[in-house]
file upload-v4.cif (mmCIF, C-alpha atoms)
data_run
loop_
_atom_site.label_atom_id
_atom_site.label_comp_id
_atom_site.auth_asym_id
_atom_site.auth_seq_id
_atom_site.Cartn_x
_atom_site.Cartn_y
_atom_site.Cartn_z
CA MET M 5 0.12 7.82 -17.77
CA LEU M 6 -1.70 10.49 -15.77
CA ILE M 7 -5.28 10.73 -14.59
CA GLN M 8 -7.02 13.42 -12.55
CA ILE M 9 -8.36 12.45 -9.15
CA MET M 10 -9.89 15.31 -7.16
CA ASN M 11 -8.13 17.84 -9.42
CA HIS M 12 -4.72 16.31 -8.75
CA PRO M 13 -2.66 14.37 -11.29
CA TRP M 14 -2.11 10.74 -10.36
CA LYS M 15 0.35 8.48 -12.17
CA ILE M 16 -0.99 5.08 -13.19
CA ILE M 17 1.89 2.66 -13.60
CA GLN M 18 1.85 -1.00 -14.54
CA LYS M 19 4.62 -2.87 -12.73
CA SER M 20 6.10 -6.34 -12.86
CA LYS M 21 5.61 -8.74 -9.96
CA GLU M 22 9.25 -8.21 -8.99
CA ASP M 23 8.81 -4.43 -8.81
CA MET M 24 5.56 -4.77 -6.84
CA GLU M 25 7.14 -7.11 -4.30
CA LYS M 26 9.84 -4.57 -3.50
CA ASN M 27 7.06 -2.66 -1.73
CA ALA M 28 4.58 -5.33 -0.66
CA LYS M 29 4.41 -9.11 -0.88
CA ASP M 30 1.62 -10.83 -2.80
CA THR M 31 -0.11 -7.64 -3.90
CA LEU M 32 -1.90 -6.82 -7.13
CA GLY M 33 -2.03 -3.06 -6.66
CA ILE M 34 -0.51 -0.34 -4.48
CA THR M 35 -1.58 3.26 -3.89
CA PHE M 36 1.09 5.74 -2.84
CA PHE M 37 0.09 8.98 -1.18
CA PRO M 38 1.25 11.77 -1.10
CA ASP M 39 3.27 10.69 -4.17
CA ARG M 40 -0.05 10.19 -5.98
CA GLU M 41 0.84 6.99 -7.78
CA ILE M 42 -1.20 3.87 -8.38
CA TRP M 43 0.74 0.75 -9.30
CA LEU M 44 -1.09 -2.14 -10.94
CA LEU M 45 0.41 -5.55 -11.60
CA ASN M 46 1.11 -5.70 -15.33
CA THR M 47 -0.37 -9.19 -15.78
CA LEU M 48 -3.89 -8.28 -14.61
CA VAL M 49 -6.66 -8.65 -17.18
CA ASP M 50 -10.44 -8.44 -17.44
CA GLU M 51 -12.38 -8.71 -14.17
CA GLN M 52 -9.29 -8.95 -12.01
CA LEU M 53 -7.90 -5.69 -13.46
CA LYS M 54 -11.30 -4.05 -13.03
CA GLN M 55 -11.53 -5.12 -9.38
CA VAL M 56 -7.96 -4.11 -8.49
CA ALA M 57 -8.28 -0.73 -10.24
CA THR M 58 -11.54 -0.07 -8.37
CA HIS M 59 -9.86 -1.02 -5.08
CA GLU M 60 -6.88 1.28 -5.68
CA VAL M 61 -9.07 4.20 -6.81
CA THR M 62 -10.99 3.83 -3.54
CA HIS M 63 -7.68 4.10 -1.64
CA ALA M 64 -6.77 7.19 -3.67
CA LEU M 65 -10.09 8.87 -2.87
CA LEU M 66 -9.77 8.02 0.82
CA ASP M 67 -6.36 9.71 0.72
CA GLU M 68 -7.63 12.74 -1.21
CA PHE M 69 -10.51 13.18 1.27
CA SER M 70 -7.98 12.93 4.16
CA CYS M 71 -9.66 9.81 5.48
CA ASN M 72 -6.31 8.01 5.63
CA ASN M 73 -5.83 9.37 9.16
CA ILE M 74 -8.95 7.73 10.57
CA GLN M 75 -7.76 5.05 12.98
CA SER M 76 -10.57 2.58 12.46
CA PHE M 77 -13.25 2.36 9.83
CA ASN M 78 -16.57 0.92 10.93
CA ASP M 79 -19.04 -0.63 8.53
CA GLU M 80 -21.23 2.51 8.48
CA PHE M 81 -18.29 4.68 7.43
CA ILE M 82 -17.32 2.26 4.67
CA CYS M 83 -20.90 1.91 3.39
CA ASP M 84 -21.44 5.68 3.45
CA PHE M 85 -18.13 6.36 1.70
CA ILE M 86 -18.89 3.94 -1.10
CA ALA M 87 -22.53 5.01 -1.41
CA ASN M 88 -21.56 8.69 -1.58
CA ASN M 89 -18.67 8.19 -4.00
CA ASN M 90 -19.61 5.12 -6.03
CA GLU M 91 -20.17 6.97 -9.30
CA MET M 92 -16.87 8.85 -8.99
CA ILE M 93 -14.99 5.61 -8.13
CA ILE M 94 -16.42 3.81 -11.18
CA ASP M 95 -15.85 6.81 -13.47
CA ILE M 96 -12.18 7.10 -12.48
CA ARG M 97 -11.75 3.32 -12.70
CA ASN M 98 -13.19 3.32 -16.22
CA LYS M 99 -10.84 6.12 -17.28
CA ILE M 100 -7.90 4.04 -16.04
CA LEU M 101 -9.11 0.96 -17.89
CA ASN M 102 -9.51 2.99 -21.08
CA LEU M 103 -5.97 4.34 -20.74
CA LEU M 104 -4.59 0.83 -20.29
CA GLU M 105 -6.29 -0.56 -23.43
#

call {"tool": "encode", "arguments": {"input": "upload-v4.cif", "output": "structure tokens"}}
result
Amino acid sequence: MLIQIMNHPWKIIQKSKEDMEKNAKDTLGITFFPDREIWLLNTLVDEQLKQVATHEVTHALLDEFSCNNIQSFNDEFICDFIANNNEMIIDIRNKILNLLE
């Protein structure tokens, strides 16, 4: 399924634990940039799915805003990023959750 993030199509894909672990051990979600894919573990439900989707959307926005090249994030950067983009993060997260229903 596709969703728009910063006017770019992103694929949202639910993957099995085995598929996820081919890329990272013990992970619930993975964001791939510049491929523009978000993988979510296919067994996530309710609050855990909501939290992981929010986390991965935040990664996607950091990538889209070219913040992925910043060597170290300090707490002010993180707080400002979330404060300035909170509504967009939640809106995109909710669109993903609706697609997965």

call {"tool": "atom_distance", "arguments": {"input": "upload-v4.cif", "atom1": "CA of Gln18 (chain M)", "atom2": "CA of Leu32 (chain M)"}}
result
10.1 Å

call {"tool": "residues_around", "arguments": {"input": "upload-v4.cif", "residues": "Trp14 (chain M)", "least_positions_apart": "6", "cutoff": "9 Å", "atoms": "all atoms listed in the file", "output": "PyMOL selection string"}}
result
chain M and resi 5-8+39-42+64

call {"tool": "closest_residue", "arguments": {"input": "upload-v4.cif", "among": "M:Phe37, M:Lys21, M:Ile9, M:Leu48", "to": "Cys71 (chain M)", "atoms": "only C-alpha atoms"}}
result
M:Phe37

call {"tool": "axis_aligned_box", "arguments": {"input": "upload-v4.cif", "around": "region 15-31 of chain M", "padding_each_side": "6 Å", "output": "AutoDock Vina command-line options"}}
result
--center_x 4.4 --center_y -1.2 --center_z -7.6 --size_x 22.8 --size_y 31.3 --size_z 25.9

call {"tool": "closest_residue", "arguments": {"input": "upload-v4.cif", "among": "M:Ile100, M:Ala87, M:Ile82, M:Leu66", "to": "Trp43 (chain M)", "atoms": "all atoms listed in the file"}}
result
M:Ile100

call {"tool": "atom_distance", "arguments": {"input": "upload-v4.cif", "atom1": "CA of Lys15 (chain M)", "atom2": "CA of Thr31 (chain M)"}}
result
18.1 Å

call {"tool": "atom_distance", "arguments": {"input": "upload-v4.cif", "atom1": "CA of Leu101 (chain M)", "atom2": "CA of Lys54 (chain M)"}}
result
7.3 Å

call {"tool": "residues_around", "arguments": {"input": "upload-v4.cif", "residues": "Asn102 (chain M)", "least_positions_apart": "4", "cutoff": "12 Å", "atoms": "only C-alpha atoms", "output": "number ranges by chain"}}
result
M: 5, 7, 16, 53-54, 57, 95-98

call {"tool": "closest_residue", "arguments": {"input": "upload-v4.cif", "among": "M:Phe81, M:Phe36, M:Val49, M:Asn11", "to": "Asp67 (chain M)", "atoms": "all atoms listed in the file"}}
result
M:Phe36

call {"tool": "closest_residue", "arguments": {"input": "upload-v4.cif", "among": "M:Ser20, M:Thr62, M:Asn89, M:Asn73", "to": "Thr35 (chain M)", "atoms": "only C-alpha atoms"}}
result
M:Thr62

call {"tool": "closest_residue", "arguments": {"input": "upload-v4.cif", "among": "M:Leu45, M:Phe85, M:Thr58, M:Lys99", "to": "Glu25 (chain M)", "atoms": "all atoms listed in the file"}}
result
M:Leu45

call {"tool": "closest_residue", "arguments": {"input": "upload-v4.cif", "among": "M:Ile94, M:Asn78, M:Leu104, M:Pro13", "to": "Gln55 (chain M)", "atoms": "all atoms listed in the file"}}
result
M:Ile94

call {"tool": "decode", "arguments": {"input": "upload-v4.cif", "residues": "region 20-100 of chain M", "atoms": "C-alpha atoms", "output": "PDB file, in the first residue's frame"}}
result
ATOM      1  CA  SER M  20       6.970 -11.432   8.997  1.00  0.00           C
ATOM      2  CA  LYS M  21       9.525 -11.638  11.793  1.00  0.00           C
ATOM      3  CA  GLU M  22      11.749 -13.735   9.528  1.00  0.00           C
ATOM      4  CA  ASP M  23      11.701 -11.090   6.783  1.00  0.00           C
ATOM      5  CA  MET M  24      12.355  -8.290   9.277  1.00  0.00           C
ATOM      6  CA  GLU M  25      15.332 -10.096  10.797  1.00  0.00           C
ATOM      7  CA  LYS M  26      17.020 -10.347   7.405  1.00  0.00           C
ATOM      8  CA  ASN M  27      17.630  -6.603   7.804  1.00  0.00           C
ATOM      9  CA  ALA M  28      17.767  -6.039  11.554  1.00  0.00           C
ATOM     10  CA  LYS M  29      17.558  -8.238  14.637  1.00  0.00           C
ATOM     11  CA  ASP M  30      14.778  -7.765  17.186  1.00  0.00           C
ATOM     12  CA  THR M  31      13.073  -4.905  15.369  1.00  0.00           C
ATOM     13  CA  LEU M  32       9.404  -4.051  15.054  1.00  0.00           C
ATOM     14  CA  GLY M  33       9.732  -1.574  12.208  1.00  0.00           C
ATOM     15  CA  ILE M  34      12.271  -0.419   9.632  1.00  0.00           C
ATOM     16  CA  THR M  35      12.376   2.699   7.466  1.00  0.00           C
ATOM     17  CA  PHE M  36      14.286   2.517   4.191  1.00  0.00           C
ATOM     18  CA  PHE M  37      15.420   5.696   2.499  1.00  0.00           C
ATOM     19  CA  PRO M  38      15.875   6.529  -0.374  1.00  0.00           C
ATOM     20  CA  ASP M  39      13.764   3.463  -1.274  1.00  0.00           C
ATOM     21  CA  ARG M  40      10.880   5.082   0.618  1.00  0.00           C
ATOM     22  CA  GLU M  41       9.578   1.968   2.313  1.00  0.00           C
ATOM     23  CA  ILE M  42       8.331   1.438   5.841  1.00  0.00           C
ATOM     24  CA  TRP M  43       8.221  -2.142   7.061  1.00  0.00           C
ATOM     25  CA  LEU M  44       6.074  -3.008  10.059  1.00  0.00           C
ATOM     26  CA  LEU M  45       6.060  -6.359  11.819  1.00  0.00           C
ATOM     27  CA  ASN M  46       2.839  -8.087  10.777  1.00  0.00           C
ATOM     28  CA  THR M  47       1.940  -9.212  14.313  1.00  0.00           C
ATOM     29  CA  LEU M  48       1.738  -5.697  15.797  1.00  0.00           C
ATOM     30  CA  VAL M  49      -1.663  -4.631  17.126  1.00  0.00           C
ATOM     31  CA  ASP M  50      -3.281  -1.774  19.023  1.00  0.00           C
ATOM     32  CA  GLU M  51      -0.942   0.489  21.001  1.00  0.00           C
ATOM     33  CA  GLN M  52       2.199  -1.307  19.899  1.00  0.00           C
ATOM     34  CA  LEU M  53       1.305  -0.824  16.218  1.00  0.00           C
ATOM     35  CA  LYS M  54       0.441   2.815  16.898  1.00  0.00           C
ATOM     36  CA  GLN M  55       3.774   3.442  18.638  1.00  0.00           C
ATOM     37  CA  VAL M  56       5.884   1.661  16.006  1.00  0.00           C
ATOM     38  CA  ALA M  57       4.086   3.393  13.118  1.00  0.00           C
ATOM     39  CA  THR M  58       4.637   6.772  14.805  1.00  0.00           C
ATOM     40  CA  HIS M  59       8.325   5.942  15.303  1.00  0.00           C
ATOM     41  CA  GLU M  60       8.810   4.920  11.654  1.00  0.00           C
ATOM     42  CA  VAL M  61       6.918   7.957  10.320  1.00  0.00           C
ATOM     43  CA  THR M  62       9.268  10.144  12.360  1.00  0.00           C
ATOM     44  CA  HIS M  63      12.244   8.421  10.682  1.00  0.00           C
ATOM     45  CA  ALA M  64      10.631   8.978   7.274  1.00  0.00           C
ATOM     46  CA  LEU M  65      10.145  12.688   7.951  1.00  0.00           C
ATOM     47  CA  LEU M  66      13.709  13.055   9.216  1.00  0.00           C
ATOM     48  CA  ASP M  67      14.830  11.501   5.933  1.00  0.00           C
ATOM     49  CA  GLU M  68      12.523  13.678   3.817  1.00  0.00           C
ATOM     50  CA  PHE M  69      13.785  16.823   5.590  1.00  0.00           C
ATOM     51  CA  SER M  70      17.396  15.663   4.969  1.00  0.00           C
ATOM     52  CA  CYS M  71      18.060  15.436   8.683  1.00  0.00           C
ATOM     53  CA  ASN M  72      19.453  11.920   8.276  1.00  0.00           C
ATOM     54  CA  ASN M  73      22.894  13.434   7.641  1.00  0.00           C
ATOM     55  CA  ILE M  74      23.091  15.197  10.998  1.00  0.00           C
ATOM     56  CA  GLN M  75      25.812  13.433  12.972  1.00  0.00           C
ATOM     57  CA  SER M  76      24.342  13.889  16.429  1.00  0.00           C
ATOM     58  CA  PHE M  77      20.920  14.964  17.563  1.00  0.00           C
ATOM     59  CA  ASN M  78      20.759  16.892  20.812  1.00  0.00           C
ATOM     60  CA  ASP M  79      17.654  17.091  22.947  1.00  0.00           C
ATOM     61  CA  GLU M  80      16.764  20.573  21.645  1.00  0.00           C
ATOM     62  CA  PHE M  81      16.820  19.375  18.038  1.00  0.00           C
ATOM     63  CA  ILE M  82      14.633  16.378  18.864  1.00  0.00           C
ATOM     64  CA  CYS M  83      12.152  18.442  20.894  1.00  0.00           C
ATOM     65  CA  ASP M  84      11.950  21.118  18.191  1.00  0.00           C
ATOM     66  CA  PHE M  85      11.516  18.541  15.423  1.00  0.00           C
ATOM     67  CA  ILE M  86       8.664  16.811  17.212  1.00  0.00           C
ATOM     68  CA  ALA M  87       7.037  20.066  18.335  1.00  0.00           C
ATOM     69  CA  ASN M  88       7.173  21.493  14.808  1.00  0.00           C
ATOM     70  CA  ASN M  89       5.985  18.319  13.084  1.00  0.00           C
ATOM     71  CA  ASN M  90       3.795  16.576  15.655  1.00  0.00           C
ATOM     72  CA  GLU M  91       0.519  17.110  13.815  1.00  0.00           C
ATOM     73  CA  MET M  92       1.983  15.873  10.520  1.00  0.00           C
ATOM     74  CA  ILE M  93       3.511  12.806  12.233  1.00  0.00           C
ATOM     75  CA  ILE M  94       0.180  11.872  13.849  1.00  0.00           C
ATOM     76  CA  ASP M  95      -1.787  12.556  10.655  1.00  0.00           C
ATOM     77  CA  ILE M  96       0.461  10.298   8.567  1.00  0.00           C
ATOM     78  CA  ARG M  97       0.474   7.653  11.308  1.00  0.00           C
ATOM     79  CA  ASN M  98      -3.331   7.663  11.390  1.00  0.00           C
ATOM     80  CA  LYS M  99      -3.504   7.274   7.612  1.00  0.00           C
ATOM     81  CA  ILE M 100      -1.244   4.222   7.881  1.00  0.00           C
TER      82      ILE M 100
END
